[in-house]
Each structure stands twice: as C-alpha cells, then as structure tokens.
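File shown: structure.cif (mmCIF, C-alpha atoms).
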data_my_file
loop_
_atom_site.label_atom_id
_atom_site.label_comp_id
_atom_site.auth_asym_id
_atom_site.auth_seq_id
_atom_site.Cartn_x
_atom_site.Cartn_y
_atom_site.Cartn_z
CA MET S 62 62.05 151.42 95.42
CA SER S 63 63.48 153.06 92.34
CA ALA S 64 61.72 153.23 88.99
CA GLU S 65 64.48 151.09 87.49
CA ALA S 66 63.86 148.39 90.09
CA ILE S 67 60.13 148.43 89.38
CA VAL S 68 60.76 148.14 85.64
CA GLN S 69 63.11 145.26 86.30
CA ILE S 70 60.57 143.45 88.50
CA VAL S 71 57.82 143.92 85.92
CA GLY S 72 60.16 142.68 83.23
CA VAL S 73 60.93 139.53 85.15
CA ALA S 74 57.23 139.01 85.87
CA LEU S 75 56.39 139.44 82.19
CA SER S 76 59.02 136.98 81.06
CA GLN S 77 57.86 134.41 83.63
CA LEU S 78 54.27 134.86 82.57
CA ALA S 79 55.13 134.56 78.88
CA GLN S 80 57.10 131.39 79.62
CA HIS S 81 54.67 129.61 81.94
CA ALA S 82 51.28 130.93 80.85
CA PRO S 83 51.50 132.33 77.30
CA ALA S 84 47.71 132.42 76.83
CA VAL S 85 47.28 134.48 79.97
CA TYR S 86 50.20 136.68 78.93
CA ARG S 87 48.52 137.46 75.62
CA ALA S 88 45.18 137.99 77.38
CA ILE S 89 46.61 140.66 79.64
CA VAL S 90 49.37 142.24 77.64
CA GLY S 91 47.69 142.02 74.24
CA ASP S 92 48.93 141.07 70.83
CA GLY S 93 48.56 144.17 68.71
CA ARG S 94 44.86 143.76 67.96
CA THR S 95 42.46 146.68 68.38
CA VAL S 96 39.81 146.67 71.10
CA GLU S 97 37.17 146.26 68.39
CA GLN S 98 38.93 143.14 67.09
CA VAL S 99 39.39 141.68 70.57
CA VAL S 100 35.74 142.27 71.50
CA GLY S 101 34.62 140.82 68.15
CA ASP S 102 36.72 137.71 68.75
CA ALA S 103 35.21 137.34 72.22
CA GLN S 104 31.68 137.63 70.82
CA ARG S 105 32.36 135.03 68.14
CA ALA S 106 33.93 132.68 70.69
CA ALA S 107 30.91 133.01 72.99
CA HIS S 108 28.41 132.40 70.18
CA SER S 109 30.35 129.35 68.95
CA ILE S 110 29.63 127.39 72.15
CA PRO S 111 27.03 124.69 71.40
CA VAL S 112 23.71 125.28 73.13
CA ARG S 113 22.82 121.67 73.97
CA PRO S 114 25.87 119.46 73.42
CA ALA S 115 24.54 116.38 75.22
CA GLY S 116 21.11 116.54 73.59
CA SER S 117 22.65 116.99 70.16
CA ALA S 118 24.95 114.02 70.71
CA LEU S 119 22.04 111.81 71.77
CA ASP S 120 19.94 113.03 68.81
CA ALA S 121 22.80 112.13 66.46
CA TYR S 122 23.17 108.72 68.07
CA GLU S 123 19.44 108.07 67.71
CA ARG S 124 19.65 108.93 64.02
CA GLY S 125 22.61 106.60 63.60
CA GLU S 126 24.95 109.45 62.72
CA ARG S 127 27.54 108.66 65.38
CA MET M 64 69.55 125.38 101.38
CA GLU M 65 67.76 128.26 99.70
CA ARG M 66 64.14 127.65 98.71
CA THR M 67 62.97 128.65 95.29
CA ALA M 68 59.37 129.69 94.68
CA PRO M 69 57.60 127.41 92.20
CA PRO M 70 56.95 128.90 88.73
CA VAL M 71 53.23 129.16 89.37
CA PHE M 72 53.88 131.65 92.15
CA GLY M 73 55.84 133.82 89.75
CA ALA M 74 53.08 133.64 87.17
CA ARG M 75 50.41 134.57 89.73
CA SER M 76 52.48 137.47 90.97
CA ALA M 77 52.98 138.62 87.42
CA ILE M 78 49.23 138.45 86.78
CA LEU M 79 48.54 140.68 89.75
CA VAL M 80 51.20 143.18 88.71
CA LEU M 81 49.96 143.25 85.14
CA ALA M 82 46.32 143.43 86.22
CA LEU M 83 47.08 146.52 88.26
CA LEU M 84 48.96 148.02 85.35
CA ALA M 85 46.16 147.20 82.93
CA SER M 86 43.48 148.70 85.15
CA GLY M 87 45.46 151.92 85.26
CA CYS M 88 46.08 152.02 81.54
CA GLY M 89 42.44 152.45 80.48
CA SER M 90 42.30 149.19 78.56
CA VAL M 91 39.70 147.56 80.76
CA ILE M 92 37.48 146.60 77.81
CA GLY M 93 40.33 144.96 75.91
CA THR M 94 41.53 143.11 78.99
CA GLN M 95 38.02 141.94 79.82
CA ALA M 96 37.39 140.89 76.21
CA ARG M 97 40.54 138.76 76.27
CA ALA M 98 39.40 137.22 79.55
CA ALA M 99 35.98 136.54 78.01
CA THR M 100 37.65 134.84 75.05
CA ILE M 101 39.61 132.58 77.38
CA ALA M 102 36.41 131.75 79.29
CA ALA M 103 34.62 131.02 76.01
CA VAL M 104 37.38 128.68 74.85
CA ALA M 105 37.28 126.90 78.23
CA THR M 106 33.48 126.57 78.09
CA HIS M 107 33.62 125.35 74.49
CA GLY M 108 36.08 122.67 75.57
CA VAL M 109 33.79 121.60 78.38
CA ALA M 110 30.84 121.44 75.95
CA ARG M 111 32.85 119.18 73.65
CA VAL M 112 33.62 116.85 76.56
CA VAL M 113 29.91 116.80 77.45
CA GLU M 114 29.05 115.95 73.85
CA GLN M 115 31.58 113.11 73.69
CA SER M 116 30.67 111.76 77.13
CA ALA M 117 26.94 111.69 76.31
CA ALA M 118 27.67 109.88 73.04
CA ALA M 119 29.88 107.36 74.85
CA ASP M 120 27.14 106.89 77.44
CA ALA M 121 24.64 106.15 74.66
CA ALA M 122 26.97 103.68 72.96
CA ALA M 123 27.50 101.83 76.22
CA ALA M 124 23.84 101.74 77.28
CA CYS M 125 22.22 101.23 73.87
CA PRO M 126 24.75 99.39 71.66
CA ARG M 127 24.25 99.41 67.91
CA GLU M 128 24.20 95.59 67.86
CA GLN M 129 20.96 95.63 69.85
CA TYR M 130 19.24 98.85 68.78
CA ALA M 131 18.59 99.99 65.21
CA PRO M 132 18.83 103.72 64.43
CA ARG M 133 15.51 105.62 64.64
CA SER M 134 13.77 102.61 66.20
CA PRO M 135 11.23 103.00 69.06
CA GLU M 136 13.40 100.64 71.12
CA LEU M 137 16.44 102.90 70.75
CA SER M 138 14.34 105.94 71.58
CA ALA M 139 13.11 104.24 74.76
CA CYS M 140 16.65 103.17 75.67
CA LEU M 141 17.93 106.73 75.25
CA ALA M 142 15.12 108.33 77.27
CA PRO M 143 16.77 107.93 80.70
CA LEU M 144 20.06 109.17 79.25
CA ARG M 145 18.32 112.31 78.00
CA GLU M 146 17.03 112.88 81.51
CA ARG M 147 20.46 112.19 82.99
CA TRP M 148 22.25 114.65 80.69
CA ALA M 149 19.59 117.39 80.64
CA PRO M 150 21.12 119.32 83.58
CA ALA M 151 24.44 119.42 81.71
CA ASP M 152 22.82 121.09 78.71
CA VAL M 153 21.02 123.57 80.96
CA ALA M 154 24.29 124.47 82.67
CA VAL M 155 26.18 124.83 79.38
CA ALA M 156 23.38 127.03 78.01
CA SER M 157 23.41 129.22 81.12
CA THR M 158 27.18 129.65 80.95
CA ARG M 159 26.95 130.44 77.24
CA ALA M 160 24.21 133.01 77.90
CA ALA M 161 26.34 134.69 80.57
CA LEU M 162 29.28 134.84 78.15
CA VAL M 163 27.16 136.24 75.33
CA ALA M 164 25.72 138.88 77.67
CA TRP M 165 29.19 139.82 78.89
CA THR M 166 30.64 140.16 75.41
CA GLU M 167 27.60 142.13 74.20
CA ALA M 168 28.07 144.49 77.15
CA LEU M 169 31.74 144.84 76.24
CA ASP M 170 30.73 145.83 72.72
CA VAL M 171 28.27 148.39 74.06
CA ALA M 172 30.96 149.81 76.35
CA ARG M 173 33.36 149.98 73.41
CA LEU M 174 30.83 151.81 71.26
CA ALA M 175 30.00 154.13 74.18
CA GLY M 176 33.61 155.25 74.32
CA ASP M 177 35.07 153.42 77.31
CA ASP M 178 34.64 156.30 79.78
CA GLY M 179 34.69 154.11 82.86
CA MET M 180 31.00 154.51 83.70
CA LEU M 181 30.25 150.97 82.52
CA TRP M 182 33.22 149.24 84.14
CA PRO M 183 31.30 148.19 87.30
CA ALA M 184 28.57 146.73 85.10
CA LEU M 185 31.18 144.83 83.11
CA ALA M 186 32.65 143.41 86.30
CA VAL M 187 29.17 142.25 87.35
CA MET M 188 28.79 140.52 83.97
CA ALA M 189 32.16 138.84 84.45
CA ALA M 190 31.12 137.78 87.96
CA ARG M 191 27.94 136.29 86.50
CA LEU M 192 30.04 134.21 84.12
CA VAL M 193 32.29 133.00 86.94
CA PHE M 194 29.17 132.08 88.94
CA GLU M 195 27.58 130.18 86.03
CA TYR M 196 30.86 128.40 85.26
CA GLY M 197 30.92 127.21 88.89
CA ARG M 198 27.38 125.91 88.51
CA LEU M 199 28.45 124.16 85.33
CA ALA M 200 31.19 122.37 87.25
CA ASP M 201 28.68 121.40 89.95
CA ALA M 202 26.24 120.05 87.35
CA LEU M 203 28.86 117.97 85.56
CA ARG M 204 30.59 116.49 88.59
CA PRO M 205 27.87 113.84 89.22
CA LEU M 206 28.12 112.90 85.54
CA GLY M 207 31.82 112.16 85.90
CA VAL M 208 32.97 115.23 83.96
CA GLU M 209 35.58 117.30 85.76
CA VAL M 210 35.61 120.96 84.74
CA PRO M 211 38.98 122.75 84.93
CA ALA M 212 39.13 125.95 86.94
CA LEU M 213 38.98 129.24 85.07
CA PRO M 214 42.34 130.99 84.71
CA ASP M 215 43.11 133.82 87.13
CA THR M 216 42.78 136.40 84.37
CA VAL M 217 39.05 135.56 84.09
CA THR M 218 38.28 135.60 87.79
CA TRP M 219 40.27 138.81 88.11
CA ALA M 220 37.99 140.43 85.52
CA ALA M 221 35.09 139.86 87.89
CA HIS M 222 36.76 141.71 90.74
CA ALA M 223 39.00 144.28 89.06
CA VAL M 224 36.54 147.15 89.18
CA GLY M 225 34.36 146.22 92.10
CA GLY M 226 32.25 143.41 90.68
CA GLU M 227 30.65 140.92 93.05
CA GLY M 228 29.09 137.53 92.51
CA PRO M 229 25.35 137.35 92.00
#
What does the file become when written as structure tokens?
Amino acid sequence: MSAEAIVQIVGVALSQLAQHAPAVYRAIVGDGRTVEQVVGDAQRAAHSIPVRPAGSALDAYERGER
Amino acid sequence: MERTAPPVFGARSAILVLALLASGCGSVIGTQARAATIAAVATHGVARVVEQSAAADAAAACPREQYAPRSPELSACLAPLRERWAPADVAVASTRAALVAWTEALDVARLAGDDGMLWPALAVMAARLVFEYGRLADALRPLGVEVPALPDTVTWAAHAVGGEGP
C-alpha cells in the first residue's frame, strides 16, 4: 500500500470520527492544548465527582432542602 | 445490492488507527489524560443520576405531606433508603478514587518527563478505572440505574501499553 493511500485512509477515518464521535475525536487527536493543560483538566474533572451522591441527596431531603 | 458498513464501524476503525498512531507519536500521557477526562465526565453523569434517583426514591417513600423535615419520623422513614443506596455511594467513591489515582499518576509521569518507563503503570491505572466503572454498573443495576458503557478511547487506554485488569 502506498503512503498516499495510507494518508487517504487515515483522512477518511478522521473525518468519520469527527462526524460521528466528536468527543472521541478530540480525545485522541487533541485540540491544541498542552499536555499539562490536558492533565490538569483531567485532574479537575476527577476531583469534581461527588463522593456520596445518594447520601447527600437523602441528607438534603431530610433537611427539607429538596 | 452492495452493503454499506454502519457508521459505528467506521468510527471504531478510525479509533484503532488513531490509537496506533498516537501510541507511536509519544503522546501517551496526553491521550490517556483525555481518556481520563471522558471517564470522569461519564462518572460525574452517573453520580448525578444516582443523586436524582435517590432523591426521587425519598420523595416517593417519605412524602412531604406525611413527614416534616428534620423529624424523627422522616429520619426513620429514610433509614432503609440509606441502606439501599449505600452500595451506590461506595461504588461511586471507588470509581472516583481510581480516576483521581490515574490522573495523579499522569501528572507524575508528565513531571518525570514522559520517557515511557511509566506507561505500563499508567495502563494499569486505566485498567483499574475500567474495572471500578464495571463494578459501579453492577452496583447500580439492582437500583434501576443503567450505566452507559465507557467509550472505546477509555478502554483502549487500559490496554494500549500492556495494562491488564486487576
């Protein structure tokens, strides 16, 4: 297979991925951010997950806050 | 009549091609960090559903018309619900811990200079997250909460450099 054919196949794959799964496309191909920024974003996203969502919801209900 | 592959097949093929390219381009940390972000967003979404489902459960079992806020009766009514939902919180916390550990390891690898020595460890961390996410789905199924599967880009991160499940 020629290099041009490989480039063409990858191009088609990229365009399909961007069209059908843009989040995955950005995850793999990137969006211009540095590795430090991407890792920082991942850390913030992980820390933002609530620790006990059900317990907190029931606590809030018991206090009459929801 | 000629058959056309469904779009999902094209997307999966593209993921594999791009994953191979990425692994050869020395951007393993960036690729894994993006996968971790996707997993964190997915887990956060699941946690929100857990929160809303537990609140709805409380409203159905202990309606406001019958139970005053902060009353002993309401506390007693909520007790079995706390027991019912406790495994969900444990599973969310375990998944969160696996994600935090993975992203901390990614930061260490970044600071260490991304020389490839830590890639197997990163894959093990990713595999741990995939394992915990599976346990989260198992814990929530009896509670009527369906957990969506992780995208391929996350599960790939667990296997790209030799990682295996715990």
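Evaluated against the shown file, the PyMOL selection byres ((chain M) within 6 of (chain S)) gives M:Ala74, M:Ala77, M:Gly93, M:Thr94, M:Ala96, M:Arg97, M:Ala99, M:Thr100, M:Ala103, M:His107, M:Ala110, M:Val113, M:Glu114, M:Ala117, M:Ala118, M:Pro132, M:Arg133, M:Asp152, M:Ala156, M:Leu162, M:Val163, M:Thr166.
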* To do: List, as a ChimeraX atom specification, every residue that the PyMOL selection byres ((chain M and resi 158) around 9) selects in the file provided.
  => /M:106,153-157,159-163,191-196,198-199
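Between atom CA of M:Gln115 and atom CA of M:Thr216 there is a distance of 28.0 Å.
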* Excluding same-chain residues fewer than 3 positions from M:Val208, what lies within 10 Å of it counting all atoms listed in the file, as a list in words? -> Val109, Val112, Val113, Ser116, Ala151, Ala200, Asp201, Ala202, Leu203, Arg204, Pro205 and Pro211 of chain M
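Pairwise distance (atom CA of M:Leu206, atom CA of M:Tyr130) equals 23.6 Å.
Counting from atom CA of M:Ile101, the distance to atom CA of M:Pro214 is 8.0 Å.
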* Which polymer residues have any atom within 8 Å of an atom of stretch 123-127 of chain M, counting all atoms listed in the file, with same-chain residues fewer than 6 positions away left out, as a count of residues only? -> 3
